[in-house]
Every structure is written in C-alpha cells, then in structure tokens.
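Chemist: Take a look at this one; I'll ask things after.
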Amino acid sequence: MKYLVFSIKIICLVLILYTLYFILYTPISAFEMNSADYQIQMGNLNIGGASGMQSPTSGNLLSDTLGQNAAMEFSAGGYILKAGFQYIHTIVPFSFSISDTRIDFGDMLPNDPQTLTTDLTVSFGGGGQYQVTAAELERLTTIDGLNHIDDTCCDAGCGPAQCTELVAGVWNNSSTPGFGYKMSGEDIPATFISCGATCYRPFPDLSTSEAPAVIMSSPDVTVDLASKPKDISHQSTLTFKLNIDTNQSSGSYQTVINFVATPSY
C-alpha cells in the first residue's frame with residue numbers, strides 16, 4: 001500500500017531580546033550634567049573614548065574608553081550589572097538563519113524510516129549568551145484534522161525509559177514509528193553528544209502547552225580570531241526523522257516548527 005505525501009512546513013521566527021541586568025545599591029549616586037539648554041541624567045563620565053588602534057596587517061580595530069567610572073561587572077542578591085560601554089559594543093552583529101524552510105518527506109512506506117536535514121546558523125557577539133528554541137504547533141496531522149502521527153518515544157517505547165523533549169534516546173529500530181529530531185554540530189544540547197549519533201528526541205507540542213526546547217545555546221561569541229578569523233558564525237544541523245507503521249492512515253500530514261533565536265546582552 002502506498003502512502004501519500006507527508007510534509008512538514010517550517011517557519012522561522014527570530015526574536016531579538018535584549019536582557020538588561022540591574023543591581024540596587026543604597027545609597028545610589030549618578031552624574032547629572034546640565035546647562036541652560038540641556039540636562040543629561042545618569043550620564044557616562046570619562047576622559048576619552050573612541051575607535052583607536054588599528055592593526056596594520058589584519059585591519060582589526062580596537063575600541064576603547066578611558067577613565068570611565070565603575071566600568072566592570074557587579075553582582076549581588078541575584079542581580080548582575082555589567083557597566084560600561086565595552087559590554088554593549090560588539091564586533092559580531094546577531095543573526096540567525098535556516099537553510100531549508102520546507103521539509104517534504106514525500107511518499108512514505110511502513111517501517112521505512114526517512115531523514116531530512118536543515119542547517120541552523122547563528123552569529124553572536126554580545127556580552128551575555130544566546131539560545132535557539134524549537135517547538136511544533138501540533139503533531140503531524142492531516143488537513144482535515146482526523147488523523148495524526150505521534151511524536152517518537154524512541155526504541156525504549158512510551159514509558160519511564162522513553163526519550164523526552166529534553167533527553168535524547170536511541171532510535172535505531174526500523175519498526176519504531178514516530179516523528180522526532182536530532183542535533184549535530186556546534187552549541188548543541190549535551191544530551192545529543194553523550195547519547196550518540198542514533199539518538200533523537202520529540203519536539204515539544206505547543207498545542208498541549210509544552211515549553212519550547214533549547215536546541216542551540218552558548219555564552220561565547222561566535223568568532224575565533226585566532227583559528228578562524230573570517231568565520232563569525234556557529235552552525236548546527238537539525239535532522240528530522242519520520243517513520244510510520246502498517247496501521248497509519250494514508251493522507252497528507254503536516255505541522256509547523258517554530259524556531260525562536262534570542263540574544264541577551
């Protein structure tokens with residue numbers, strides 16, 4: 001029996017979120033500069049700041065501030081204050097891209113698992129960290145909503161030992177049905193590294209109020225000036241996997257995967 005097209009539509013949503021950290025001290029003092037024509041509250045007082053020395057060989061430019069008051073990181077009581085112009089100055093603007101935004105498995109046959117991939121690329125140079133999360137709007141479902149394909153439980157089966165939205169599990173048996181994914185490359189969750197290349201996990205289901213899962217994250221900038229100065233991005237590969245059993249109703253199935261990329265500074 002031949003089964004009709006199983007397709008997954010992917011949309012990408014990039015959310016730029018700037019997280020500001022404050023620390024409260026008592027008393028608090030700040031410089032206030034004013035004249036008859038202007039008033040600047042909580043100003044930055046220093047003796048100089050500019051784009052300064054430039055390397056004659058690489059062309060790299062060093063920016064600097066001189067004499068800025070309290071230009072450092074402070075923390076207390078669960079709050080963090082990163083004070084100073086250098087904490088927000090970045091040489092790598094934030095960006096996020098997906099190589100393929102439509103994944104189409106075509107015709108599927110029972111017990112014949114298929115995989116397809118898409119590449120995720122992140123550029124990040126802030127003083128905080130970034131993360132990329134993913135979630136499905138619902139399970140793979142027919143257009144009329146009458147039939148669906150369950151998310152994978154991996155080879156352990158649906159029970160206490162199954163893979164979860166946060167923990168990857170081995171999925172190597174051609175008779176194990178379901179839909180899931182794995183990650184490889186840079187900045188991926190540790191569960192995929194420790195579990196191995198045959199390990200997958202299901203996408204969180206937003207229709208059941210499950211929280212999106214982190215699929216890439218790092219507190220480091222994505223440029224290594226020493227080893228690869230021309231490469232300012234990190235890349236990972238997301239591999240989708242789909243398998244059906246002999247009881248699966250034929251039809252055209254689809255879902256939407258939401259990706260949200262968030263930097264903090």
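We name chains A, B, ... following the order of the structure tokens; residues begin at 1 in each chain, and ligands are numbered from 1 as shown.
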Please extract the residues of range 81-260 of chain A with a backbone DSSP assignment of alpha helix (DSSP H) and present them as a list in words.
Modeler: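 Here are the alpha helix (DSSP H) residues of range 81-260 of chain A: Ala190, Thr191, Phe192, Ile193, Ser194 and Cys195 of chain A.
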Chemist: Can you tell me which residues surround Asp205 in chain A at a distance of at most 8 Å, considering only C-alpha atoms, apart from same-chain residues fewer than 5 positions away, and format the answer as a PyMOL selection string?
Modeler: chain A and resi 135-139+210-212
Chemist: For the residues in the current selection, export N, CA and C atoms as a PDB file, in the first residue's frame.
Modeler:
```pdb
ATOM      1  N   ALA A 135       9.854  24.225  18.684  1.00  0.00           N
ATOM      2  CA  ALA A 135       8.644  23.528  19.129  1.00  0.00           C
ATOM      3  C   ALA A 135       7.718  23.365  17.935  1.00  0.00           C
ATOM      4  N   GLU A 136       6.913  22.332  17.960  1.00  0.00           N
ATOM      5  CA  GLU A 136       5.914  22.129  16.913  1.00  0.00           C
ATOM      6  C   GLU A 136       4.577  22.722  17.356  1.00  0.00           C
ATOM      7  N   LEU A 137       3.814  23.252  16.384  1.00  0.00           N
ATOM      8  CA  LEU A 137       2.499  23.797  16.736  1.00  0.00           C
ATOM      9  C   LEU A 137       1.548  22.694  17.180  1.00  0.00           C
ATOM     10  N   GLU A 138       1.695  21.507  16.587  1.00  0.00           N
ATOM     11  CA  GLU A 138       0.927  20.330  16.958  1.00  0.00           C
ATOM     12  C   GLU A 138       1.602  19.109  16.334  1.00  0.00           C
ATOM     13  N   ARG A 139       1.128  17.910  16.631  1.00  0.00           N
ATOM     14  CA  ARG A 139       1.660  16.709  15.993  1.00  0.00           C
ATOM     15  C   ARG A 139       1.404  16.765  14.480  1.00  0.00           C
ATOM     16  N   GLU A 210       3.342  22.508  26.066  1.00  0.00           N
ATOM     17  CA  GLU A 210       4.720  22.143  26.387  1.00  0.00           C
ATOM     18  C   GLU A 210       5.663  23.291  26.037  1.00  0.00           C
ATOM     19  N   ALA A 211       6.674  23.490  26.857  1.00  0.00           N
ATOM     20  CA  ALA A 211       7.605  24.598  26.655  1.00  0.00           C
ATOM     21  C   ALA A 211       8.574  24.270  25.528  1.00  0.00           C
ATOM     22  N   PRO A 212       8.926  25.252  24.689  1.00  0.00           N
ATOM     23  CA  PRO A 212       9.923  25.025  23.633  1.00  0.00           C
ATOM     24  C   PRO A 212      11.241  24.528  24.221  1.00  0.00           C
TER      25      PRO A 212
END
```
Chemist: Please list as a ChimeraX atom specification every residue within 7 Å of range 235-250 of chain A, counting only C-alpha atoms and excluding residues in the same chain fewer than 5 positions away.
Modeler: /A:3-4,110-122,175,177-186
Chemist: What does the file look like for those residues with C-alpha atoms, as a PDB file, in the first residue's frame?
Modeler:
```pdb
ATOM      1  CA  TYR A   3       1.049   6.316   1.395  1.00  0.00           C
ATOM      2  CA  LEU A   4       0.510   9.890   0.327  1.00  0.00           C
ATOM      3  CA  PRO A 110       5.621   1.452   6.720  1.00  0.00           C
ATOM      4  CA  ASN A 111       8.812   0.512   8.586  1.00  0.00           C
ATOM      5  CA  ASP A 112      10.970   2.533   6.194  1.00  0.00           C
ATOM      6  CA  PRO A 113      12.367   5.451   8.284  1.00  0.00           C
ATOM      7  CA  GLN A 114      13.354   8.609   6.392  1.00  0.00           C
ATOM      8  CA  THR A 115      15.517  11.551   7.476  1.00  0.00           C
ATOM      9  CA  LEU A 116      15.929  15.089   6.128  1.00  0.00           C
ATOM     10  CA  THR A 117      18.161  17.906   7.371  1.00  0.00           C
ATOM     11  CA  THR A 118      18.322  21.664   7.667  1.00  0.00           C
ATOM     12  CA  ASP A 119      21.267  23.822   8.815  1.00  0.00           C
ATOM     13  CA  LEU A 120      20.945  26.466  11.541  1.00  0.00           C
ATOM     14  CA  THR A 121      23.470  29.320  11.549  1.00  0.00           C
ATOM     15  CA  VAL A 122      23.953  31.832  14.386  1.00  0.00           C
ATOM     16  CA  SER A 175       9.795  -0.793  13.290  1.00  0.00           C
ATOM     17  CA  PRO A 177       7.177   4.708  14.457  1.00  0.00           C
ATOM     18  CA  GLY A 178       7.010   8.410  15.182  1.00  0.00           C
ATOM     19  CA  PHE A 179       8.390  11.840  14.398  1.00  0.00           C
ATOM     20  CA  GLY A 180      11.455  13.397  16.023  1.00  0.00           C
ATOM     21  CA  TYR A 181      14.811  15.086  15.503  1.00  0.00           C
ATOM     22  CA  LYS A 182      18.474  15.104  16.486  1.00  0.00           C
ATOM     23  CA  MET A 183      21.187  17.790  16.530  1.00  0.00           C
ATOM     24  CA  SER A 184      24.831  17.769  15.456  1.00  0.00           C
ATOM     25  CA  GLY A 185      27.451  20.497  15.139  1.00  0.00           C
ATOM     26  CA  GLU A 186      28.232  23.493  17.341  1.00  0.00           C
TER      27      GLU A 186
END
```
Chemist: If I take CA of Asp104 in chain A and CA of Ile149 in chain A, how far is one from the other in Å, to one decimal?
Modeler: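 Between CA of Asp104 in chain A and CA of Ile149 in chain A the gap works out to 15.1 Å.
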Chemist: From a backbone DSSP assignment, name each residue in range 105-201 of chain A labelled strand (DSSP E or B), as a ChimeraX atom specification.
Modeler: /A:105-107,114-123,130-136,140-142,148-149,151,169-170,178-185,199-201
Chemist: So that I have them on file, write out the residues from the current selection with C-alpha atoms, as a short mmCIF file (atom, residue, chain, number, x, y, z; two decimals), in the first residue's frame.
Modeler:
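The resulting file, result.cif, is reproduced below:
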```cif
data_model
loop_
_atom_site.label_atom_id
_atom_site.label_comp_id
_atom_site.auth_asym_id
_atom_site.auth_seq_id
_atom_site.Cartn_x
_atom_site.Cartn_y
_atom_site.Cartn_z
CA PHE A 105 9.30 13.60 3.11
CA GLY A 106 7.28 12.70 0.03
CA ASP A 107 5.70 9.23 -0.14
CA GLN A 114 13.35 8.61 6.39
CA THR A 115 15.52 11.55 7.48
CA LEU A 116 15.93 15.09 6.13
CA THR A 117 18.16 17.91 7.37
CA THR A 118 18.32 21.66 7.67
CA ASP A 119 21.27 23.82 8.81
CA LEU A 120 20.95 26.47 11.54
CA THR A 121 23.47 29.32 11.55
CA VAL A 122 23.95 31.83 14.39
CA SER A 123 26.21 34.88 14.63
CA TYR A 130 22.22 33.36 23.00
CA GLN A 131 19.82 30.47 22.60
CA VAL A 132 17.65 28.97 19.87
CA THR A 133 14.49 27.09 20.84
CA ALA A 134 12.17 24.89 18.76
CA ALA A 135 8.64 23.53 19.13
CA GLU A 136 5.91 22.13 16.91
CA LEU A 140 1.85 15.81 12.31
CA THR A 141 -1.83 15.97 11.35
CA THR A 142 -3.93 15.59 8.22
CA HIS A 148 -2.14 12.25 13.20
CA ILE A 149 1.33 10.76 13.65
CA ASP A 151 5.89 12.06 18.29
CA GLY A 169 17.22 8.34 23.34
CA VAL A 170 18.31 5.67 20.86
CA GLY A 178 7.01 8.41 15.18
CA PHE A 179 8.39 11.84 14.40
CA GLY A 180 11.45 13.40 16.02
CA TYR A 181 14.81 15.09 15.50
CA LYS A 182 18.47 15.10 16.49
CA MET A 183 21.19 17.79 16.53
CA SER A 184 24.83 17.77 15.46
CA GLY A 185 27.45 20.50 15.14
CA CYS A 199 19.72 9.35 19.40
CA TYR A 200 16.67 11.54 18.88
CA ARG A 201 14.03 13.31 20.89
#
```
